[in-house]
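File shown: target.cif (mmCIF, C-alpha atoms and all ligand atoms).
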data_run
#
loop_
_atom_site.label_atom_id
_atom_site.label_comp_id
_atom_site.auth_asym_id
_atom_site.auth_seq_id
_atom_site.Cartn_x
_atom_site.Cartn_y
_atom_site.Cartn_z
CA MET A 1 17.74 0.40 28.26
CA ALA A 2 20.17 -0.85 25.61
CA ASP A 3 18.34 -4.16 25.41
CA LEU A 4 15.17 -2.56 24.05
CA GLN A 5 14.34 -3.88 20.60
CA PRO A 6 11.50 -3.12 18.20
CA VAL A 7 8.53 -5.43 18.75
CA ARG A 8 8.76 -8.58 16.61
CA GLY A 9 7.27 -7.97 13.18
CA THR A 10 7.68 -4.19 13.32
CA ARG A 11 10.38 -2.16 11.64
CA ASP A 12 11.74 1.33 11.56
CA LEU A 13 11.62 3.17 8.28
CA ILE A 14 14.82 5.12 7.94
CA GLY A 15 16.68 6.55 4.95
CA GLU A 16 16.11 4.55 1.79
CA ASP A 17 13.39 2.39 3.38
CA GLN A 18 11.35 5.48 4.18
CA ARG A 19 11.97 6.93 0.72
CA ARG A 20 10.77 3.74 -0.97
CA HIS A 21 7.71 3.78 1.25
CA GLN A 22 6.93 7.43 0.56
CA HIS A 23 7.49 7.06 -3.17
CA VAL A 24 4.88 4.28 -3.31
CA ILE A 25 2.34 6.45 -1.47
CA ASP A 26 3.07 9.61 -3.46
CA THR A 27 2.83 7.80 -6.80
CA ALA A 28 -0.38 5.98 -5.86
CA ARG A 29 -1.98 9.16 -4.55
CA ARG A 30 -1.16 11.08 -7.73
CA ILE A 31 -2.67 8.43 -9.97
CA ALA A 32 -5.69 7.84 -7.73
CA VAL A 33 -6.42 11.57 -7.93
CA SER A 34 -6.39 11.39 -11.73
CA TYR A 35 -9.12 8.73 -11.46
CA GLY A 36 -11.17 11.04 -9.24
CA PHE A 37 -10.37 9.48 -5.86
CA ASP A 38 -10.21 11.59 -2.72
CA GLU A 39 -8.11 10.69 0.34
CA TRP A 40 -9.65 9.64 3.66
CA SER A 41 -7.89 8.90 6.92
CA THR A 42 -9.77 6.75 9.41
CA PRO A 43 -8.56 5.79 12.91
CA VAL A 44 -6.00 3.00 13.27
CA PHE A 45 -8.19 1.40 15.93
CA GLU A 46 -11.89 0.72 15.90
CA ASP A 47 -14.58 -0.96 17.92
CA THR A 48 -13.73 -4.66 17.54
CA ARG A 49 -17.13 -5.35 16.01
CA VAL A 50 -16.22 -3.24 12.95
CA PHE A 51 -13.96 -6.14 11.97
CA SER A 52 -15.34 -9.19 13.73
CA ARG A 53 -18.80 -8.75 12.23
CA THR A 54 -17.69 -8.05 8.71
CA LEU A 55 -14.45 -9.80 7.77
CA GLY A 56 -15.92 -13.22 8.43
CA GLU A 57 -15.71 -15.26 11.60
CA THR A 58 -13.79 -17.98 9.82
CA SER A 59 -11.31 -15.74 8.02
CA ASP A 60 -7.67 -16.11 9.07
CA VAL A 61 -7.59 -12.46 10.01
CA VAL A 62 -10.42 -12.70 12.52
CA MET A 63 -9.56 -16.19 13.79
CA LYS A 64 -5.91 -15.61 14.55
CA GLU A 65 -4.41 -12.33 13.39
CA MET A 66 -6.22 -9.48 15.13
CA TYR A 67 -4.67 -7.24 17.78
CA THR A 68 -7.67 -6.99 20.05
CA PHE A 69 -7.66 -5.69 23.61
CA ASP A 70 -9.89 -4.08 26.19
CA ASP A 71 -9.05 -0.43 26.72
CA ARG A 72 -8.98 1.13 30.17
CA GLY A 73 -12.70 1.80 29.98
CA GLY A 74 -13.39 -1.86 29.29
CA ASP A 75 -14.31 -1.46 25.61
CA SER A 76 -12.97 -4.00 23.18
CA VAL A 77 -10.94 -2.27 20.48
CA THR A 78 -8.89 -3.68 17.61
CA LEU A 79 -5.92 -2.27 15.72
CA ARG A 80 -7.18 -2.26 12.16
CA PRO A 81 -6.02 -5.31 10.18
CA GLU A 82 -7.22 -3.78 6.90
CA GLY A 83 -8.72 -0.55 5.62
CA THR A 84 -12.03 -1.36 3.95
CA ALA A 85 -14.12 -2.03 7.04
CA GLY A 86 -13.10 1.29 8.60
CA VAL A 87 -13.89 3.21 5.42
CA CYS A 88 -17.37 1.61 5.28
CA ARG A 89 -17.90 2.36 8.97
CA ALA A 90 -16.89 5.98 8.28
CA LEU A 91 -19.23 6.17 5.29
CA VAL A 92 -22.13 5.19 7.52
CA THR A 93 -21.24 7.21 10.63
CA ASN A 94 -20.58 10.36 8.57
CA GLY A 95 -23.96 10.07 6.86
CA LEU A 96 -22.48 9.70 3.39
CA THR A 97 -24.51 6.72 2.23
CA GLN A 98 -26.86 9.05 0.33
CA SER A 99 -23.97 10.93 -1.30
CA LEU A 100 -22.73 8.31 -3.70
CA PRO A 101 -20.49 7.58 -5.38
CA GLN A 102 -17.71 8.03 -2.85
CA LYS A 103 -14.26 7.38 -4.27
CA VAL A 104 -11.80 6.85 -1.45
CA PHE A 105 -8.02 6.55 -1.45
CA TYR A 106 -6.19 5.74 1.77
CA ALA A 107 -2.68 4.97 2.99
CA GLY A 108 -1.55 3.90 6.42
CA PRO A 109 -0.46 1.21 8.87
CA MET A 110 -2.32 -2.06 9.39
CA PHE A 111 -1.74 -4.65 12.12
CA ARG A 112 -1.90 -8.44 11.94
CA TYR A 113 -0.46 -11.00 14.32
CA GLU A 114 1.33 -13.12 11.71
CA ARG A 115 4.60 -15.01 11.58
CA PRO A 116 7.05 -12.34 10.45
CA GLN A 117 9.15 -13.03 7.37
CA LYS A 118 10.33 -11.11 4.31
CA GLY A 119 7.35 -9.13 3.02
CA ARG A 120 5.19 -10.10 6.00
CA TYR A 121 5.11 -7.98 9.15
CA ARG A 122 2.90 -7.39 12.17
CA GLN A 123 2.73 -3.70 11.48
CA PHE A 124 2.67 -3.23 7.73
CA HIS A 125 1.30 -0.53 5.48
CA GLN A 126 -1.26 -0.44 2.74
CA ILE A 127 -2.48 1.90 0.09
CA GLY A 128 -6.01 1.22 -1.02
CA LEU A 129 -8.99 2.36 -3.08
CA GLU A 130 -12.71 2.01 -2.49
CA LEU A 131 -15.25 2.95 -5.14
CA ILE A 132 -18.55 2.95 -3.30
CA GLY A 133 -21.88 3.27 -5.09
CA PRO A 134 -21.70 1.96 -8.65
CA ALA A 135 -22.90 -1.60 -9.20
CA GLU A 136 -21.64 -1.79 -12.79
CA PRO A 137 -18.66 -3.92 -13.80
CA LEU A 138 -17.16 -0.74 -15.27
CA ALA A 139 -16.46 0.36 -11.70
CA ASP A 140 -14.53 -2.87 -11.09
CA ALA A 141 -12.60 -2.30 -14.30
CA GLU A 142 -11.78 1.29 -13.34
CA VAL A 143 -10.51 0.30 -9.92
CA ILE A 144 -8.34 -2.42 -11.45
CA ALA A 145 -7.08 -0.10 -14.21
CA CYS A 146 -6.10 2.47 -11.58
CA GLY A 147 -4.15 -0.23 -9.74
CA TRP A 148 -2.46 -1.25 -12.96
CA ASP A 149 -1.52 2.36 -13.72
CA ILE A 150 -0.02 2.72 -10.25
CA LEU A 151 2.08 -0.43 -10.72
CA THR A 152 3.12 0.89 -14.13
CA ALA A 153 4.10 4.29 -12.75
CA LEU A 154 6.14 2.55 -10.05
CA GLY A 155 7.90 0.57 -12.76
CA VAL A 156 6.82 -2.79 -11.30
CA ALA A 157 3.98 -3.70 -13.68
CA GLY A 158 6.37 -5.83 -15.73
CA ASP A 159 6.88 -8.09 -12.71
CA ALA A 160 3.18 -8.43 -11.94
CA VAL A 161 0.45 -10.61 -13.37
CA LEU A 162 -3.18 -9.68 -12.83
CA GLU A 163 -5.22 -12.74 -11.90
CA ILE A 164 -8.99 -12.37 -11.88
CA ASN A 165 -11.89 -14.52 -10.87
CA THR A 166 -15.57 -14.22 -10.09
CA LEU A 167 -17.15 -15.30 -6.84
CA GLY A 168 -20.59 -14.95 -8.43
CA ASP A 169 -23.69 -13.69 -6.68
CA THR A 170 -25.39 -15.29 -3.69
CA GLU A 171 -27.31 -17.70 -5.88
CA SER A 172 -24.10 -18.86 -7.61
CA ARG A 173 -22.26 -19.23 -4.33
CA ASP A 174 -25.01 -21.30 -2.72
CA ALA A 175 -24.86 -23.76 -5.62
CA TYR A 176 -21.08 -23.77 -5.55
CA ARG A 177 -20.91 -24.29 -1.80
CA ALA A 178 -22.87 -27.53 -2.16
CA ALA A 179 -20.43 -28.76 -4.83
CA LEU A 180 -17.46 -27.87 -2.61
CA VAL A 181 -18.88 -29.61 0.43
CA GLU A 182 -19.33 -32.76 -1.63
CA TYR A 183 -15.78 -32.60 -3.00
CA PHE A 184 -14.00 -31.76 0.25
CA THR A 185 -16.03 -34.29 2.22
CA ALA A 186 -14.70 -36.95 -0.13
CA HIS A 187 -11.13 -35.74 0.73
CA LYS A 188 -11.76 -35.17 4.41
CA ALA A 189 -9.01 -37.50 5.59
CA ALA A 190 -6.31 -35.37 3.95
CA LEU A 191 -7.54 -31.94 5.05
CA SER A 192 -5.79 -29.86 7.72
CA LYS A 193 -7.49 -29.32 11.05
CA ASP A 194 -8.30 -25.71 10.18
CA SER A 195 -9.87 -26.77 6.91
CA LEU A 196 -12.01 -29.41 8.59
CA GLU A 197 -13.47 -26.60 10.62
CA ARG A 198 -13.86 -24.48 7.49
CA LEU A 199 -15.70 -27.36 5.85
CA GLU A 200 -18.32 -27.09 8.57
CA ARG A 201 -18.54 -23.34 8.69
CA ASN A 202 -17.42 -21.87 5.38
CA PRO A 203 -16.11 -24.33 2.78
CA MET A 204 -15.04 -21.65 0.26
CA ARG A 205 -12.47 -20.56 2.81
CA ILE A 206 -10.58 -23.83 2.19
CA LEU A 207 -9.69 -22.56 -1.28
CA ASP A 208 -7.63 -19.82 0.40
CA SER A 209 -5.76 -22.20 2.72
CA LYS A 210 -1.99 -21.75 2.97
CA ASP A 211 -1.48 -25.37 4.11
CA GLU A 212 0.53 -27.36 1.55
CA GLY A 213 -1.60 -30.50 1.94
CA ASP A 214 -4.79 -28.48 1.55
CA LYS A 215 -3.37 -26.80 -1.53
CA ARG A 216 -2.91 -30.17 -3.26
CA ILE A 217 -6.56 -31.03 -2.68
CA VAL A 218 -7.71 -27.54 -3.64
CA ALA A 219 -5.95 -27.95 -7.01
CA GLY A 220 -8.52 -30.58 -7.98
CA ALA A 221 -11.56 -28.84 -6.50
CA PRO A 222 -14.48 -27.83 -8.73
CA THR A 223 -14.51 -24.15 -9.77
CA ILE A 224 -17.44 -21.79 -9.47
CA HIS A 225 -17.82 -21.39 -13.20
CA ALA A 226 -20.23 -24.29 -13.69
CA HIS A 227 -22.44 -22.81 -10.97
CA LEU A 228 -22.63 -19.19 -12.08
CA SER A 229 -26.07 -17.67 -12.47
CA GLU A 230 -26.72 -15.94 -15.77
CA ALA A 231 -26.47 -12.49 -14.17
CA ALA A 232 -23.15 -13.33 -12.50
CA SER A 233 -21.83 -14.73 -15.73
CA ILE A 234 -22.75 -11.61 -17.70
CA PHE A 235 -21.16 -9.42 -15.02
CA TYR A 236 -17.90 -11.33 -15.28
CA GLU A 237 -17.84 -11.34 -19.09
CA THR A 238 -18.49 -7.59 -19.13
CA LEU A 239 -15.65 -6.98 -16.68
CA LYS A 240 -13.26 -8.91 -18.92
CA ARG A 241 -14.38 -6.91 -21.96
CA HIS A 242 -13.79 -3.64 -20.09
CA LEU A 243 -10.32 -4.74 -18.99
CA LEU A 244 -9.42 -5.47 -22.59
CA ARG A 245 -10.70 -2.05 -23.59
CA PHE A 246 -8.56 -0.43 -20.86
CA ALA A 247 -5.65 -2.54 -22.16
CA VAL A 248 -5.02 -4.09 -18.75
CA PRO A 249 -3.58 -7.58 -19.31
CA PHE A 250 -4.99 -10.35 -17.12
CA VAL A 251 -5.21 -14.10 -16.70
CA GLU A 252 -8.10 -15.98 -15.16
CA ASN A 253 -7.43 -17.96 -12.00
CA PRO A 254 -10.52 -19.80 -10.73
CA GLN A 255 -8.86 -20.40 -7.37
CA ILE A 256 -8.77 -16.80 -6.21
CA VAL A 257 -11.31 -16.39 -3.42
CA ARG A 258 -9.67 -13.71 -1.24
CA GLY A 259 -9.06 -14.04 2.47
CA LEU A 260 -12.06 -12.05 3.71
CA ASP A 261 -15.72 -12.96 3.61
CA TYR A 262 -17.26 -9.82 2.25
CA TYR A 263 -16.40 -10.35 -1.42
CA GLY A 264 -18.78 -11.30 -4.25
CA HIS A 265 -18.51 -11.13 -8.05
CA THR A 266 -15.05 -9.78 -8.85
CA ALA A 267 -11.96 -11.01 -7.01
CA PHE A 268 -8.46 -10.22 -8.23
CA GLU A 269 -4.80 -10.18 -7.27
CA PHE A 270 -1.68 -8.74 -8.78
CA VAL A 271 1.00 -11.36 -8.19
CA THR A 272 4.76 -11.23 -8.73
CA GLY A 273 7.26 -14.06 -8.78
CA LYS A 274 9.93 -11.85 -7.22
CA LEU A 275 8.92 -11.99 -3.57
CA GLY A 276 8.80 -15.72 -2.93
CA SER A 277 5.64 -16.85 -1.23
CA GLN A 278 4.73 -13.24 -0.39
CA GLY A 279 3.98 -12.63 -4.08
CA THR A 280 0.61 -10.87 -3.88
CA VAL A 281 1.23 -7.15 -4.02
CA MET A 282 -2.29 -5.85 -4.61
CA ALA A 283 -5.60 -7.58 -4.02
CA GLY A 284 -9.27 -6.76 -3.95
CA GLY A 285 -12.72 -7.29 -5.31
CA ARG A 286 -16.38 -6.37 -5.09
CA TYR A 287 -18.07 -6.24 -1.69
CA ASN A 288 -21.73 -5.33 -2.11
CA GLY A 289 -22.80 -6.45 1.36
CA LEU A 290 -20.32 -4.73 3.64
CA VAL A 291 -21.91 -1.29 4.05
CA ALA A 292 -25.20 -2.95 5.00
CA GLU A 293 -23.43 -5.10 7.57
CA MET A 294 -22.01 -1.90 9.02
CA GLY A 295 -25.57 -0.69 9.58
CA GLY A 296 -26.02 1.30 6.35
CA PRO A 297 -28.27 0.65 3.38
CA GLN A 298 -27.43 -2.02 0.79
CA THR A 299 -24.58 -0.34 -1.11
CA PRO A 300 -22.48 -1.78 -3.93
CA ALA A 301 -18.72 -1.22 -3.72
CA VAL A 302 -15.43 -2.42 -5.13
CA GLY A 303 -11.84 -1.82 -4.07
CA TRP A 304 -8.34 -3.12 -3.48
CA ALA A 305 -5.46 -2.81 -1.06
CA ALA A 306 -1.76 -3.13 -1.76
CA GLY A 307 1.16 -3.80 0.54
CA ILE A 308 3.50 -0.80 0.56
CA GLU A 309 6.48 -2.83 1.84
CA ARG A 310 6.10 -5.39 -0.94
CA LEU A 311 5.79 -2.69 -3.61
CA GLY A 312 8.73 -0.80 -2.12
CA MET A 313 10.91 -3.91 -2.34
CA LEU A 314 10.11 -4.21 -6.05
CA LEU A 315 11.28 -0.70 -6.94
CA GLU A 316 14.37 -1.15 -9.11
CA VAL A 317 15.80 2.31 -8.55
CA PRO A 318 15.70 3.61 -5.00
CA PRO A 319 14.04 7.02 -4.98
CA ALA A 320 16.68 9.73 -4.73
CA ILE A 321 16.63 12.81 -2.57
CA ALA A 322 17.54 16.15 -4.08
CA ALA A 323 21.24 16.85 -3.63
CA ALA A 324 21.90 19.64 -1.20
CA VAL A 325 23.86 22.84 -1.43
CA ALA A 326 26.29 23.15 1.49
CA ILE A 327 26.73 26.61 2.93
CA ILE A 328 30.18 27.19 4.41
CA PRO A 329 30.80 30.43 6.29
CA VAL A 330 34.50 31.05 6.96
CA GLY A 331 34.92 33.01 10.18
CA ASP A 332 32.31 34.27 12.63
CA ALA A 333 31.60 37.43 10.67
CA ALA A 334 30.25 35.37 7.77
CA GLU A 335 27.53 33.69 9.78
CA GLY A 336 24.81 36.29 9.18
CA ALA A 337 25.36 36.30 5.42
CA ALA A 338 25.40 32.47 5.46
CA MET A 339 22.02 32.44 7.16
CA ASP A 340 20.63 34.80 4.51
CA VAL A 341 21.91 32.58 1.69
CA LEU A 342 20.53 29.44 3.38
CA GLN A 343 17.05 30.89 3.60
CA SER A 344 17.07 32.38 0.11
CA LEU A 345 17.89 28.94 -1.32
CA ARG A 346 15.32 27.15 0.81
CA HIS A 347 12.62 29.67 -0.01
CA ALA A 348 13.44 29.11 -3.69
CA GLY A 349 12.69 25.41 -3.15
CA GLN A 350 16.26 24.17 -3.04
CA ARG A 351 17.75 21.86 -0.47
CA ALA A 352 20.38 23.76 1.50
CA GLU A 353 22.33 22.74 4.57
CA MET A 354 24.61 24.56 6.96
CA ALA A 355 28.09 23.03 7.07
CA TYR A 356 28.59 23.43 10.77
CA ARG A 357 32.04 22.66 12.00
CA GLY A 358 35.71 22.27 11.12
CA ASN A 359 38.14 23.94 8.77
CA LEU A 360 37.24 24.65 5.15
CA LYS A 361 38.78 21.42 3.87
CA ARG A 362 36.90 19.30 6.42
CA ARG A 363 33.63 20.94 5.61
CA LEU A 364 34.12 20.50 1.86
CA GLU A 365 34.91 16.83 2.49
CA ARG A 366 31.73 16.44 4.46
CA ALA A 367 29.72 18.23 1.75
CA ASN A 368 31.05 15.70 -0.76
CA ARG A 369 30.27 12.83 1.56
CA ILE A 370 26.59 13.78 1.90
CA GLY A 371 26.39 14.07 -1.88
CA ALA A 372 25.99 17.84 -2.00
CA ARG A 373 26.00 19.20 -5.54
CA ALA A 374 27.54 22.53 -4.68
CA ALA A 375 29.16 24.46 -1.86
CA VAL A 376 28.75 28.16 -1.21
CA ILE A 377 31.87 29.43 0.55
CA LEU A 378 31.50 32.72 2.32
CA GLY A 379 34.91 34.22 3.11
CA GLU A 380 35.41 37.63 4.68
CA ASP A 381 37.17 39.20 1.69
CA ASP A 382 34.50 38.00 -0.73
CA LEU A 383 31.75 39.23 1.56
CA ALA A 384 33.32 42.66 1.62
CA ARG A 385 32.85 42.64 -2.19
CA GLY A 386 29.28 41.33 -1.85
CA VAL A 387 30.04 37.94 -3.41
CA ALA A 388 30.54 34.30 -2.40
CA GLN A 389 32.42 31.46 -4.08
CA VAL A 390 30.08 28.86 -5.51
CA LYS A 391 31.88 25.58 -6.05
CA ASP A 392 30.45 22.86 -8.25
CA LEU A 393 31.28 19.69 -6.32
CA GLY A 394 30.80 17.59 -9.43
CA THR A 395 33.39 19.33 -11.61
CA GLY A 396 35.35 21.18 -8.95
CA SER A 397 34.99 24.48 -10.84
CA GLN A 398 34.34 27.61 -8.84
CA GLU A 399 32.90 31.04 -9.56
CA ALA A 400 32.29 34.23 -7.58
CA VAL A 401 28.58 35.03 -7.54
CA PRO A 402 26.88 38.13 -6.08
CA LEU A 403 25.12 37.21 -2.81
CA GLY A 404 21.68 38.21 -4.03
CA GLU A 405 21.97 36.01 -7.13
CA ILE A 406 23.08 32.74 -5.60
CA ALA A 407 19.63 31.14 -5.55
CA ALA A 408 18.98 32.04 -9.18
CA TYR A 409 22.48 30.94 -10.16
CA LEU A 410 22.05 27.53 -8.56
CA SER A 411 18.58 26.89 -9.98
CA GLY A 412 19.30 28.30 -13.41
CA ARG A 413 21.51 25.46 -14.53
CA ALA A 414 21.09 21.78 -15.09
CA ARG A 415 22.47 19.66 -12.26
CA PRO A 416 25.24 19.60 -11.30
CA ILE A 417 25.30 23.37 -11.53
P1 LIG B 1 -1.47 -12.92 2.10
O1 LIG B 1 -2.11 -13.97 1.28
O2 LIG B 1 -0.09 -12.54 1.62
O3 LIG B 1 -1.53 -13.17 3.59
P2 LIG B 1 -3.84 -11.37 2.33
O4 LIG B 1 -4.78 -12.03 1.42
O5 LIG B 1 -3.93 -11.63 3.80
O6 LIG B 1 -2.33 -11.61 1.84
P3 LIG B 1 -5.00 -8.77 1.95
O7 LIG B 1 -5.77 -8.80 3.20
O8 LIG B 1 -5.69 -8.91 0.66
O9 LIG B 1 -3.81 -9.81 2.04
O10 LIG B 1 -4.10 -7.45 1.91
C1 LIG B 1 -3.73 -6.82 0.69
C2 LIG B 1 -2.23 -6.73 0.54
O11 LIG B 1 -1.62 -6.27 1.73
C3 LIG B 1 -1.55 -8.05 0.30
O12 LIG B 1 -1.63 -8.40 -1.05
C4 LIG B 1 -0.12 -7.75 0.69
O13 LIG B 1 0.56 -7.05 -0.34
C5 LIG B 1 -0.33 -6.83 1.86
N1 LIG B 1 -0.22 -7.56 3.13
C6 LIG B 1 -1.15 -8.32 3.76
N2 LIG B 1 -0.70 -8.80 4.94
C7 LIG B 1 0.57 -8.32 5.07
C8 LIG B 1 1.58 -8.43 6.07
N3 LIG B 1 1.38 -9.11 7.20
N4 LIG B 1 2.77 -7.80 5.87
C9 LIG B 1 3.00 -7.09 4.74
N5 LIG B 1 2.09 -6.94 3.77
C10 LIG B 1 0.89 -7.53 3.91
MG MG B 2 -2.91 -12.83 5.12
#

If you convert what's in this file into structure tokens, what do you get?
Ligand code: ATP
Ligand code: MG
Amino acid sequence: MADLQPVRGTRDLIGEDQRRHQHVIDTARRIAVSYGFDEWSTPVFEDTRVFSRTLGETSDVVMKEMYTFDDRGGDSVTLRPEGTAGVCRALVTNGLTQSLPQKVFYAGPMFRYERPQKGRYRQFHQIGLELIGPAEPLADAEVIACGWDILTALGVAGDAVLEINTLGDTESRDAYRAALVEYFTAHKAALSKDSLERLERNPMRILDSKDEGDKRIVAGAPTIHAHLSEAASIFYETLKRHLLRFAVPFVENPQIVRGLDYYGHTAFEFVTGKLGSQGTVMAGGRYNGLVAEMGGPQTPAVGWAAGIERLGMLLEVPPAIAAAVAIIPVGDAAEGAAMDVLQSLRHAGQRAEMAYRGNLKRRLERANRIGARAAVILGEDDLARGVAQVKDLGTGSQEAVPLGEIAAYLSGRARPI
């Protein structure tokens, strides 16, 4: 079995990788809670229609990235490529559409059949927020401000630029679509094959093309701004005013359209220059039509998702684990007392490990190697006096401490003890 490898585009999270990952989730969760969000977990696979109906037939995700298969009962299921559709499905199937607002935080794996490269995997992980109910631009601003605060708390906000745009309302988009069709038709000869198809089916999608040739044409394309309805324009101006009030810095980028079809009004991305072409770390927008497409009532909503791997890679300082205390019983008779000390430390919230094998010197060496901050050495003579030697592995100093006081002794001082 030695030739078994992880599936292309998947990776194991071990040691520092897992700690980076967990730190991103823990930090995001803490800040999302302060904004009033509550965590949901939805299944990692859904009825294929949850995604195919809602993400847009012409989106990259639906056209070429979904892991879709028939299960043994013959039902078509799909490993979720993103979190929003499942949350909206859950809102409807749990009868929560009349209990708004719902403020949802989630974290978990997503699956897309993409070409793996740095910052791009087939199983990756996202944190995300959905604020479902409010139609006001203040909701958009709150969701963005929460994202900004998370990036700040992670220490990566300095690397990230918030780019915002509006996709207008339906009226604005209809007018804009006509302008785009005219422009791209004039440049038809230079468009990629995918974009020719998009031109027929969904011309705005061309703005999101990753093809270099397409990108050159997109650079000269008209923007939506000349086609915004008055209502859409006011919405966008209000959002910008709120962002200023929340002191969230942003730039406007009229080319942001987002990869999925369900967005309208606000679209935004936090982009960093530090991850090459995988620079978007957090992205989202307003999606007022999605809950209705899932079979619920017309329900306004806004949210974002962020790639945990990409955020984890940006963390300057790898999250540390608490240094352990190594417990070293010398001789069989000391084992019982060692077990008592181990548990008393653990129950006091300290990290304590049994130093299993070898002579005293070996075990002290190993304690140093795993970065332990202290060793508790339980020798027979000391035990007879009711004490153990507590050795500070930072300074090398050592003191006899009564057995019952070891936990207090080790927590009562700044590290190292
Ligand atoms: P990209 O343009 O990089 O393909 P996207 O527009 O497809 O991103 P979204 O669907 O908006 O991405 O997902 C939100 C975030 O999830 C992205 O900004 C990114 O950080 C992360 N992400 C998306 N796809 C992947 C992937 N295959 N591997 C790792 N992270 C990903
Ligand atoms: Mg993508």

message: To one decimal place in Å, what is the distance between CA of Ala190 in chain A and CA of Lys64 in chain A?
response: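 Computing it gives 22.4 Å between the two atoms.
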
message: Here is a test: counting only C-alpha atoms, which residue of A:His225, A:Arg310, A:Lys240, A:Lys103 is nearest to Pro254 in chain A?
response: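 Counting only C-alpha atoms, the residue closest to Pro254 in chain A is A:His225.
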
query: Residues within 10 Å of ligand LIG 1 (chain B) (only C-alpha atoms and all ligand atoms), as a ChimeraX atom specification?
result: /A:9-10,55,59-61,65,81-84,109-128,208-210,256-260,268-271,277-285,304-311

- prompt: Got a sec: who's within 9 Å of Gln389 in chain A, counting all atoms listed in the file, leaving out chain neighbours fewer than 4 positions off, as a PyMOL selection string?
  reply: chain A and resi 375-379+382+398-402

message: Could you check which residues have any atom within 12 Å of (13.9, 32.5, -4.4), counting all atoms listed in the file with coordinates taken straight from the file, and then list them as a list in words?
response: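 Those residues, ordered by chain and then number, are Asp340, Val341, Leu342, Gln343, Ser344, Leu345, Arg346, His347, Ala348, Gly349, Gln350, Arg351, Gly404, Glu405, Ile406, Ala407, Ala408, Tyr409, Leu410, Ser411 and Gly412 of chain A.
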
- request: Could you give me, as JSON, numbers by chain, the residues that have an atom at most 9 Å away from the point (-7.3, -2.8, 16.5) in the coordinates of the file, using all atoms listed in the file?
  value: {"A": [44, 45, 46, 47, 48, 51, 66, 67, 68, 69, 76, 77, 78, 79, 80, 81, 110, 111]}

- prompt: Near Thr238 in chain A, within 9 Å and counting only C-alpha atoms, which residues show up once chain neighbours fewer than 4 positions away are dropped, as a ChimeraX atom specification?
  reply: /A:137-138,233-234,242-243

Residue with smallest distance to Leu129 in chain A - pool A:Arg53, A:Lys215, A:Arg19, A:Arg286, counting only C-alpha atoms: A:Arg286

task: For CA of Arg373 in chain A and CA of Asp392 in chain A, determine how far apart the two atoms are, in Å to one decimal place.
output: 6.4 Å

field: Residues within 12 Å of Gly358 in chain A, all atoms listed in the file, excluding chain neighbours under 3 positions, as a list of chain:residue names
entry: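 My list of contacting residues is A:Ile328, A:Pro329, A:Val330, A:Gly331, A:Ala355, A:Lys361, A:Arg362, A:Arg363, A:Leu364, A:Glu365, A:Arg366, A:Ala367.
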
- prompt: Can you tell me how far CA of Ser172 in chain A sits from CA of Ala232 in chain A, in Å to one decimal?
  reply: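 If I compute the distance from CA of Ser172 in chain A to CA of Ala232 in chain A, I get 7.4 Å.
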
statement: Between A:Gly336, A:Gly386, A:Gly296, A:Gly155, smallest distance to Gly95 in chain A by only C-alpha atoms belongs to A:Gly296

field: Distance criterion (only C-alpha atoms): nearest to Tyr263 in chain A out of A:Arg357, A:Arg89, A:Arg173, A:Lys193
entry: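 Among A:Arg357, A:Arg89, A:Arg173, A:Lys193, it is A:Arg173 that comes nearest to Tyr263 in chain A.
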
field: Residue nearest ligand MG 2 (chain B) - candidates A:Ala141, A:Arg8, A:Tyr106, A:Val62, atoms counted: all atoms listed in the file
entry: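 Distance minimum relative to ligand MG 2 (chain B) lands on A:Val62.
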
message: Between A:Leu360, A:Ser41, A:Leu96, A:Leu4, which residue has the minimum interatomic distance to Pro297 in chain A, considering all atoms listed in the file?
response: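 When distances to Pro297 in chain A are compared using all atoms listed in the file, the smallest one comes from A:Leu96.
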
Would you mind writing range 369-375 of chain A with N, CA and C atoms, as a JSON list (two decimals), keeping the file's coordinate frame?
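This is the output file out-v6.json:
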[["chain", "number", "residue", "atom", "x", "y", "z"],
["A", 369, "ARG", "N", 30.74, 14.10, 1.00],
["A", 369, "ARG", "CA", 30.27, 12.83, 1.56],
["A", 369, "ARG", "C", 28.74, 12.74, 1.58],
["A", 370, "ILE", "N", 28.06, 13.83, 1.88],
["A", 370, "ILE", "CA", 26.59, 13.78, 1.90],
["A", 370, "ILE", "C", 26.00, 13.95, 0.50],
["A", 371, "GLY", "N", 26.89, 14.01, -0.50],
["A", 371, "GLY", "CA", 26.39, 14.07, -1.88],
["A", 371, "GLY", "C", 25.92, 15.45, -2.29],
["A", 372, "ALA", "N", 26.41, 16.48, -1.62],
["A", 372, "ALA", "CA", 25.99, 17.84, -2.00],
["A", 372, "ALA", "C", 26.44, 18.12, -3.43],
["A", 373, "ARG", "N", 25.65, 18.90, -4.15],
["A", 373, "ARG", "CA", 26.00, 19.20, -5.54],
["A", 373, "ARG", "C", 26.87, 20.44, -5.64],
["A", 374, "ALA", "N", 26.78, 21.29, -4.64],
["A", 374, "ALA", "CA", 27.54, 22.53, -4.68],
["A", 374, "ALA", "C", 27.84, 23.00, -3.26],
["A", 375, "ALA", "N", 28.87, 23.83, -3.14],
["A", 375, "ALA", "CA", 29.16, 24.46, -1.86],
["A", 375, "ALA", "C", 29.21, 25.96, -2.09]]
